[in-house]
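Colleague: So here's start27.pdb (PDB, N, CA and C atoms).
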MODEL        1
ATOM      1  N   MET A   1     -33.635 231.828  81.892
ATOM      2  CA  MET A   1     -34.764 232.723  81.745
ATOM      3  C   MET A   1     -36.053 232.075  82.257
ATOM      4  N   LYS A   2     -36.172 230.769  82.075
ATOM      5  CA  LYS A   2     -37.383 230.091  82.535
ATOM      6  C   LYS A   2     -37.517 230.144  84.053
ATOM      7  N   PHE A   3     -36.393 230.202  84.747
ATOM      8  CA  PHE A   3     -36.436 230.249  86.205
ATOM      9  C   PHE A   3     -36.475 231.682  86.724
ATOM     10  N   TRP A   4     -35.746 232.578  86.117
ATOM     11  CA  TRP A   4     -35.548 233.911  86.677
ATOM     12  C   TRP A   4     -36.796 234.775  86.629
ATOM     13  N   PHE A   5     -37.675 234.577  85.648
ATOM     14  CA  PHE A   5     -38.904 235.372  85.620
ATOM     15  C   PHE A   5     -39.802 235.076  86.824
ATOM     16  N   PRO A   6     -40.173 233.812  87.094
ATOM     17  CA  PRO A   6     -41.013 233.582  88.280
ATOM     18  C   PRO A   6     -40.282 233.892  89.579
ATOM     19  N   TRP A   7     -38.970 233.678  89.603
ATOM     20  CA  TRP A   7     -38.230 234.002  90.816
ATOM     21  C   TRP A   7     -38.216 235.507  91.053
ATOM     22  N   GLY A   8     -38.110 236.285  89.993
ATOM     23  CA  GLY A   8     -38.166 237.737  90.124
ATOM     24  C   GLY A   8     -39.525 238.207  90.613
ATOM     25  N   VAL A   9     -40.588 237.577  90.114
ATOM     26  CA  VAL A   9     -41.938 237.905  90.584
ATOM     27  C   VAL A   9     -42.053 237.566  92.069
ATOM     28  N   ASP A  10     -41.507 236.434  92.484
ATOM     29  CA  ASP A  10     -41.511 236.055  93.899
ATOM     30  C   ASP A  10     -40.752 237.080  94.746
ATOM     31  N   ALA A  11     -39.615 237.538  94.232
ATOM     32  CA  ALA A  11     -38.816 238.512  94.970
ATOM     33  C   ALA A  11     -39.566 239.839  95.111
ATOM     34  N   VAL A  12     -40.286 240.246  94.082
ATOM     35  CA  VAL A  12     -41.071 241.483  94.163
ATOM     36  C   VAL A  12     -42.196 241.324  95.177
ATOM     37  N   ILE A  13     -42.859 240.183  95.170
ATOM     38  CA  ILE A  13     -43.937 239.930  96.140
ATOM     39  C   ILE A  13     -43.386 239.946  97.559
ATOM     40  N   ALA A  14     -42.237 239.322  97.768
ATOM     41  CA  ALA A  14     -41.621 239.327  99.099
ATOM     42  C   ALA A  14     -41.219 240.741  99.504
ATOM     43  N   ALA A  15     -40.706 241.528  98.566
ATOM     44  CA  ALA A  15     -40.324 242.904  98.876
ATOM     45  C   ALA A  15     -41.539 243.744  99.250
ATOM     46  N   ILE A  16     -42.665 243.520  98.579
ATOM     47  CA  ILE A  16     -43.898 244.241  98.919
ATOM     48  C   ILE A  16     -44.353 243.866 100.336
ATOM     49  N   ALA A  17     -44.256 242.593 100.682
ATOM     50  CA  ALA A  17     -44.636 242.157 102.027
ATOM     51  C   ALA A  17     -43.726 242.787 103.081
ATOM     52  N   VAL A  18     -42.426 242.849 102.806
ATOM     53  CA  VAL A  18     -41.492 243.479 103.753
ATOM     54  C   VAL A  18     -41.795 244.968 103.877
ATOM     55  N   PHE A  19     -42.124 245.616 102.754
ATOM     56  CA  PHE A  19     -42.476 247.037 102.789
ATOM     57  C   PHE A  19     -43.670 247.277 103.702
ATOM     58  N   PHE A  20     -44.730 246.481 103.547
ATOM     59  CA  PHE A  20     -45.909 246.672 104.382
ATOM     60  C   PHE A  20     -45.627 246.311 105.846
ATOM     61  N   PHE A  21     -44.748 245.355 106.083
ATOM     62  CA  PHE A  21     -44.355 245.034 107.452
ATOM     63  C   PHE A  21     -43.642 246.216 108.096
ATOM     64  N   LEU A  22     -42.680 246.796 107.368
ATOM     65  CA  LEU A  22     -41.949 247.942 107.916
ATOM     66  C   LEU A  22     -42.863 249.150 108.092
ATOM     67  N   TRP A  23     -43.782 249.347 107.166
ATOM     68  CA  TRP A  23     -44.750 250.432 107.286
ATOM     69  C   TRP A  23     -45.624 250.212 108.524
ATOM     70  N   GLY A  24     -46.037 248.982 108.751
ATOM     71  CA  GLY A  24     -46.838 248.666 109.921
ATOM     72  C   GLY A  24     -46.075 248.855 111.214
ATOM     73  N   LEU A  25     -44.777 248.566 111.194
ATOM     74  CA  LEU A  25     -43.970 248.841 112.384
ATOM     75  C   LEU A  25     -43.893 250.332 112.652
ATOM     76  N   ALA A  26     -43.784 251.126 111.584
ATOM     77  CA  ALA A  26     -43.659 252.572 111.748
ATOM     78  C   ALA A  26     -44.944 253.196 112.276
ATOM     79  N   ASP A  27     -46.099 252.739 111.808
ATOM     80  CA  ASP A  27     -47.344 253.365 112.258
ATOM     81  C   ASP A  27     -47.989 252.648 113.441
ATOM     82  N   GLY A  28     -47.396 251.572 113.894
ATOM     83  CA  GLY A  28     -47.879 250.894 115.089
ATOM     84  C   GLY A  28     -48.944 249.838 114.857
ATOM     85  N   SER A  29     -49.281 249.553 113.615
ATOM     86  CA  SER A  29     -50.299 248.535 113.374
ATOM     87  C   SER A  29     -49.740 247.115 113.477
ATOM     88  N   VAL A  30     -48.435 246.951 113.406
ATOM     89  CA  VAL A  30     -47.804 245.655 113.681
ATOM     90  C   VAL A  30     -47.382 245.674 115.142
ATOM     91  N   SER A  31     -47.978 244.799 115.912
ATOM     92  CA  SER A  31     -47.710 244.768 117.345
ATOM     93  C   SER A  31     -47.501 243.327 117.785
ATOM     94  N   SER A  32     -47.399 243.139 119.069
ATOM     95  CA  SER A  32     -47.233 241.775 119.587
ATOM     96  C   SER A  32     -48.478 240.936 119.337
ATOM     97  N   PHE A  33     -49.616 241.585 119.154
ATOM     98  CA  PHE A  33     -50.859 240.864 118.900
ATOM     99  C   PHE A  33     -50.815 240.113 117.571
ATOM    100  N   ASN A  34     -50.299 240.736 116.520
ATOM    101  CA  ASN A  34     -50.244 240.092 115.211
ATOM    102  C   ASN A  34     -48.818 239.844 114.732
ATOM    103  N   GLY A  35     -47.861 239.962 115.622
ATOM    104  CA  GLY A  35     -46.461 239.733 115.260
ATOM    105  C   GLY A  35     -46.189 238.300 114.838
ATOM    106  N   GLY A  36     -46.874 237.359 115.435
ATOM    107  CA  GLY A  36     -46.699 235.961 115.058
ATOM    108  C   GLY A  36     -47.154 235.681 113.633
ATOM    109  N   LEU A  37     -48.267 236.294 113.240
ATOM    110  CA  LEU A  37     -48.741 236.134 111.867
ATOM    111  C   LEU A  37     -47.743 236.713 110.865
ATOM    112  N   TRP A  38     -47.205 237.892 111.196
ATOM    113  CA  TRP A  38     -46.208 238.494 110.314
ATOM    114  C   TRP A  38     -44.950 237.635 110.237
ATOM    115  N   THR A  39     -44.564 237.048 111.349
ATOM    116  CA  THR A  39     -43.383 236.182 111.355
ATOM    117  C   THR A  39     -43.590 234.977 110.456
ATOM    118  N   ILE A  40     -44.749 234.365 110.536
ATOM    119  CA  ILE A  40     -45.055 233.208 109.691
ATOM    120  C   ILE A  40     -45.088 233.611 108.222
ATOM    121  N   LEU A  41     -45.742 234.728 107.918
ATOM    122  CA  LEU A  41     -45.848 235.186 106.540
ATOM    123  C   LEU A  41     -44.481 235.499 105.945
ATOM    124  N   LEU A  42     -43.691 236.293 106.642
ATOM    125  CA  LEU A  42     -42.374 236.666 106.117
ATOM    126  C   LEU A  42     -41.425 235.465 106.085
ATOM    127  N   GLY A  43     -41.539 234.580 107.057
ATOM    128  CA  GLY A  43     -40.717 233.378 107.052
ATOM    129  C   GLY A  43     -41.044 232.451 105.894
ATOM    130  N   ALA A  44     -42.335 232.302 105.601
ATOM    131  CA  ALA A  44     -42.736 231.456 104.472
ATOM    132  C   ALA A  44     -42.275 232.050 103.149
ATOM    133  N   LEU A  45     -42.393 233.355 103.000
ATOM    134  CA  LEU A  45     -41.925 233.994 101.768
ATOM    135  C   LEU A  45     -40.411 233.854 101.613
ATOM    136  N   ALA A  46     -39.685 234.072 102.699
ATOM    137  CA  ALA A  46     -38.227 233.928 102.639
ATOM    138  C   ALA A  46     -37.832 232.486 102.338
ATOM    139  N   ALA A  47     -38.536 231.530 102.927
ATOM    140  CA  ALA A  47     -38.236 230.118 102.679
ATOM    141  C   ALA A  47     -38.515 229.746 101.228
ATOM    142  N   LEU A  48     -39.612 230.243 100.677
ATOM    143  CA  LEU A  48     -39.953 229.915  99.304
ATOM    144  C   LEU A  48     -38.943 230.515  98.326
ATOM    145  N   VAL A  49     -38.615 231.786  98.499
ATOM    146  CA  VAL A  49     -37.656 232.437  97.602
ATOM    147  C   VAL A  49     -36.266 231.812  97.771
ATOM    148  N   GLY A  50     -35.867 231.598  99.005
ATOM    149  CA  GLY A  50     -34.547 231.014  99.259
ATOM    150  C   GLY A  50     -34.437 229.565  98.817
ATOM    151  N   ALA A  51     -35.484 228.784  99.045
ATOM    152  CA  ALA A  51     -35.441 227.368  98.666
ATOM    153  C   ALA A  51     -35.399 227.190  97.158
ATOM    154  N   SER A  52     -36.142 228.016  96.432
ATOM    155  CA  SER A  52     -36.095 227.885  94.977
ATOM    156  C   SER A  52     -34.721 228.262  94.435
ATOM    157  N   LEU A  53     -34.106 229.287  94.995
ATOM    158  CA  LEU A  53     -32.756 229.663  94.576
ATOM    159  C   LEU A  53     -31.747 228.585  94.960
ATOM    160  N   TRP A  54     -31.909 228.003  96.140
ATOM    161  CA  TRP A  54     -31.005 226.946  96.587
ATOM    162  C   TRP A  54     -31.138 225.701  95.703
ATOM    163  N   LEU A  55     -32.367 225.342  95.357
ATOM    164  CA  LEU A  55     -32.575 224.180  94.496
ATOM    165  C   LEU A  55     -31.954 224.392  93.114
ATOM    166  N   LYS A  56     -32.077 225.598  92.575
ATOM    167  CA  LYS A  56     -31.482 225.874  91.266
ATOM    168  C   LYS A  56     -29.968 225.780  91.332
ATOM    169  N   SER A  57     -29.370 226.298  92.401
ATOM    170  CA  SER A  57     -27.908 226.262  92.507
ATOM    171  C   SER A  57     -27.384 224.855  92.783
ATOM    172  N   ASN A  58     -28.232 223.956  93.267
ATOM    173  CA  ASN A  58     -27.813 222.580  93.540
ATOM    174  C   ASN A  58     -28.187 221.609  92.432
ATOM    175  N   GLY A  59     -28.490 222.121  91.246
ATOM    176  CA  GLY A  59     -28.696 221.256  90.097
ATOM    177  C   GLY A  59     -30.079 220.672  89.941
ATOM    178  N   LYS A  60     -31.086 221.296  90.535
ATOM    179  CA  LYS A  60     -32.469 220.834  90.376
ATOM    180  C   LYS A  60     -33.314 221.984  89.828
ATOM    181  N   PRO A  61     -33.062 222.369  88.562
ATOM    182  CA  PRO A  61     -33.751 223.560  88.034
ATOM    183  C   PRO A  61     -35.252 223.374  87.831
ATOM    184  N   ARG A  62     -35.688 222.171  87.499
ATOM    185  CA  ARG A  62     -37.129 221.958  87.280
ATOM    186  C   ARG A  62     -37.914 222.056  88.577
ATOM    187  N   VAL A  63     -37.397 221.470  89.628
ATOM    188  CA  VAL A  63     -38.066 221.553  90.931
ATOM    189  C   VAL A  63     -38.062 222.996  91.418
ATOM    190  N   ALA A  64     -36.952 223.689  91.191
ATOM    191  CA  ALA A  64     -36.860 225.091  91.590
ATOM    192  C   ALA A  64     -37.858 225.947  90.820
ATOM    193  N   MET A  65     -38.020 225.657  89.532
ATOM    194  CA  MET A  65     -38.949 226.430  88.723
ATOM    195  C   MET A  65     -40.397 226.178  89.169
ATOM    196  N   VAL A  66     -40.737 224.938  89.471
ATOM    197  CA  VAL A  66     -42.087 224.630  89.956
ATOM    198  C   VAL A  66     -42.346 225.341  91.282
ATOM    199  N   LEU A  67     -41.362 225.326  92.169
ATOM    200  CA  LEU A  67     -41.514 225.993  93.458
ATOM    201  C   LEU A  67     -41.646 227.500  93.278
ATOM    202  N   ALA A  68     -40.921 228.067  92.337
ATOM    203  CA  ALA A  68     -41.028 229.507  92.091
ATOM    204  C   ALA A  68     -42.392 229.869  91.525
ATOM    205  N   TRP A  69     -42.962 229.016  90.687
ATOM    206  CA  TRP A  69     -44.268 229.300  90.101
ATOM    207  C   TRP A  69     -45.400 229.174  91.109
ATOM    208  N   VAL A  70     -45.166 228.502  92.243
ATOM    209  CA  VAL A  70     -46.210 228.347  93.269
ATOM    210  C   VAL A  70     -46.685 229.716  93.762
ATOM    211  N   LEU A  71     -45.780 230.652  93.919
ATOM    212  CA  LEU A  71     -46.153 231.995  94.354
ATOM    213  C   LEU A  71     -46.315 232.953  93.184
ATOM    214  N   ALA A  72     -45.572 232.740  92.106
ATOM    215  CA  ALA A  72     -45.602 233.684  90.988
ATOM    216  C   ALA A  72     -46.930 233.652  90.242
ATOM    217  N   ALA A  73     -47.527 232.493  90.069
ATOM    218  CA  ALA A  73     -48.779 232.404  89.310
ATOM    219  C   ALA A  73     -49.916 233.183  89.981
ATOM    220  N   PRO A  74     -50.195 232.962  91.261
ATOM    221  CA  PRO A  74     -51.244 233.779  91.890
ATOM    222  C   PRO A  74     -50.865 235.255  91.965
ATOM    223  N   GLY A  75     -49.590 235.544  92.147
ATOM    224  CA  GLY A  75     -49.151 236.937  92.191
ATOM    225  C   GLY A  75     -49.373 237.652  90.877
ATOM    226  N   LEU A  76     -49.108 236.971  89.771
ATOM    227  CA  LEU A  76     -49.351 237.567  88.458
ATOM    228  C   LEU A  76     -50.848 237.750  88.205
ATOM    229  N   LEU A  77     -51.662 236.801  88.651
ATOM    230  CA  LEU A  77     -53.112 236.941  88.484
ATOM    231  C   LEU A  77     -53.662 238.120  89.289
ATOM    232  N   VAL A  78     -53.176 238.308  90.498
ATOM    233  CA  VAL A  78     -53.601 239.454  91.303
ATOM    234  C   VAL A  78     -53.123 240.749  90.662
ATOM    235  N   GLY A  79     -51.895 240.757  90.141
ATOM    236  CA  GLY A  79     -51.395 241.936  89.450
ATOM    237  C   GLY A  79     -52.222 242.270  88.218
ATOM    238  N   LEU A  80     -52.633 241.247  87.470
ATOM    239  CA  LEU A  80     -53.491 241.461  86.307
ATOM    240  C   LEU A  80     -54.852 242.006  86.724
ATOM    241  N   PHE A  81     -55.394 241.505  87.816
ATOM    242  CA  PHE A  81     -56.673 241.993  88.323
ATOM    243  C   PHE A  81     -56.595 243.471  88.675
ATOM    244  N   PHE A  82     -55.549 243.869  89.396
ATOM    245  CA  PHE A  82     -55.399 245.277  89.753
ATOM    246  C   PHE A  82     -55.148 246.151  88.533
ATOM    247  N   LEU A  83     -54.415 245.641  87.555
ATOM    248  CA  LEU A  83     -54.202 246.391  86.327
ATOM    249  C   LEU A  83     -55.525 246.612  85.589
ATOM    250  N   LEU A  84     -56.357 245.584  85.543
ATOM    251  CA  LEU A  84     -57.673 245.728  84.920
ATOM    252  C   LEU A  84     -58.543 246.721  85.682
ATOM    253  N   LEU A  85     -58.463 246.711  87.011
ATOM    254  CA  LEU A  85     -59.223 247.680  87.794
ATOM    255  C   LEU A  85     -58.777 249.108  87.490
ATOM    256  N   ILE A  86     -57.483 249.299  87.322
ATOM    257  CA  ILE A  86     -56.974 250.642  87.047
ATOM    258  C   ILE A  86     -57.357 251.086  85.638
ATOM    259  N   VAL A  87     -57.212 250.209  84.664
ATOM    260  CA  VAL A  87     -57.446 250.574  83.261
ATOM    261  C   VAL A  87     -58.938 250.713  82.965
ATOM    262  N   LEU A  88     -59.748 249.768  83.410
ATOM    263  CA  LEU A  88     -61.161 249.762  83.057
ATOM    264  C   LEU A  88     -62.019 250.679  83.910
ATOM    265  N   ASN A  89     -61.556 250.990  85.116
ATOM    266  CA  ASN A  89     -62.274 251.864  86.038
ATOM    267  C   ASN A  89     -63.742 251.458  86.162
ATOM    268  N   PRO A  90     -64.008 250.259  86.709
ATOM    269  CA  PRO A  90     -65.386 249.751  86.746
ATOM    270  C   PRO A  90     -66.253 250.506  87.747
ATOM    271  N   ARG A  91     -67.537 250.443  87.511
ATOM    272  CA  ARG A  91     -68.508 251.005  88.449
ATOM    273  C   ARG A  91     -68.950 249.871  89.383
ATOM    274  N   TRP A  92     -68.897 250.080  90.658
ATOM    275  CA  TRP A  92     -69.185 249.025  91.632
ATOM    276  C   TRP A  92     -70.599 249.096  92.180
ATOM    277  N   ASN A  93     -71.414 250.064  91.733
ATOM    278  CA  ASN A  93     -72.761 250.167  92.295
ATOM    279  C   ASN A  93     -73.801 249.495  91.433
TER
ENDMDL
END
Now, as a test, write the supplied structure out as structure tokens.
Modeller:
Amino acid sequence: MKFWFPWGVDAVIAAIAVFFFLWGLADGSVSSFNGGLWTILLGALAALVGASLWLKSNGKPRVAMVLAWVLAAPGLLVGLFFLLLIVLNPRWN
């Protein structure tokens, strides 16, 4: 459980990135001009999610958990920020 929660958060973040990549391909905003940036972003996310799972399966659960929290902690903070924006409905003027 200590590993699967941050890994699940990482997987959701990676899925959101893939969704926006596919959406950008459909509407034409992902092109050869920014394709390299998307490749780096999606590759880094895949490497992080895959490496943490690989480390856990090879008997290094603490290192895998630390690696999973590298992306999960900021992702949870951003999710909390958006939740507060939705619930509190702040005035920006």
Colleague: To one decimal in Å, tell me the separation between atom C of A:Ala64 and atom CA of A:Ser52.
Modeller: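 Those two atoms sit 4.9 Å apart.
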Colleague: Using all atoms listed in the file, pick whichever of A:Ala51, A:Met65, A:Ala17, A:Ile86 has the shortest atom-to-atom distance to A:Trp4.
Modeller: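 Smallest separation from A:Trp4 among the options: A:Met65.
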Colleague: Rank nothing, just name the residue among A:Leu85, A:Leu55, A:Val49, A:Met1 nearest to A:Ala68, using only C-alpha atoms.
Modeller: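 Of all the options, A:Val49 lies closest to A:Ala68.
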Colleague: Could you check how far atom CA of A:Asp27 sits from atom CA of A:Leu76, in Å to one decimal?
Modeller: 28.6 Å
Colleague: If you measure from atom N of A:Ala72 to atom C of A:Ala14, what distance in Å do you get, rounded to one decimal?
Modeller: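 Computed distance, atom N of A:Ala72 to atom C of A:Ala14, equals 11.7 Å.
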Colleague: For A:Gly50, work out the shell of residues within 12 Å, counting only C-alpha atoms and skipping chain neighbours fewer than 2 positions away, then give it as a VMD selection string.
Modeller: chain A and resid 7 to 8 10 to 11 14 42 to 48 52 to 57 64 67 to 68
Colleague: Identify, on the basis of only C-alpha atoms, every residue whose closest approach to stretch 23-26 of chain A does not exceed 12 Å; exclude the query and any residue fewer than 6 positions from it along the same chain; express the result as a list in words.
Modeller: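 Those residues are Ile16, Ala17, Ser32, Asn34, Gly35 and Trp38 of chain A.
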Colleague: In terms of the shortest atom-to-atom distance over only C-alpha atoms, which of A:Leu41, A:Ser31, A:Leu77, A:Phe5 is closest to A:Val18?
Modeller: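 For A:Val18, the nearest of the given residues is A:Leu41.
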Colleague: Could you give me the residues within chain A that DSSP places in helix (DSSP H, G or I), as a ChimeraX atom specification?
Modeller: /A:4-27,35-57,61-88
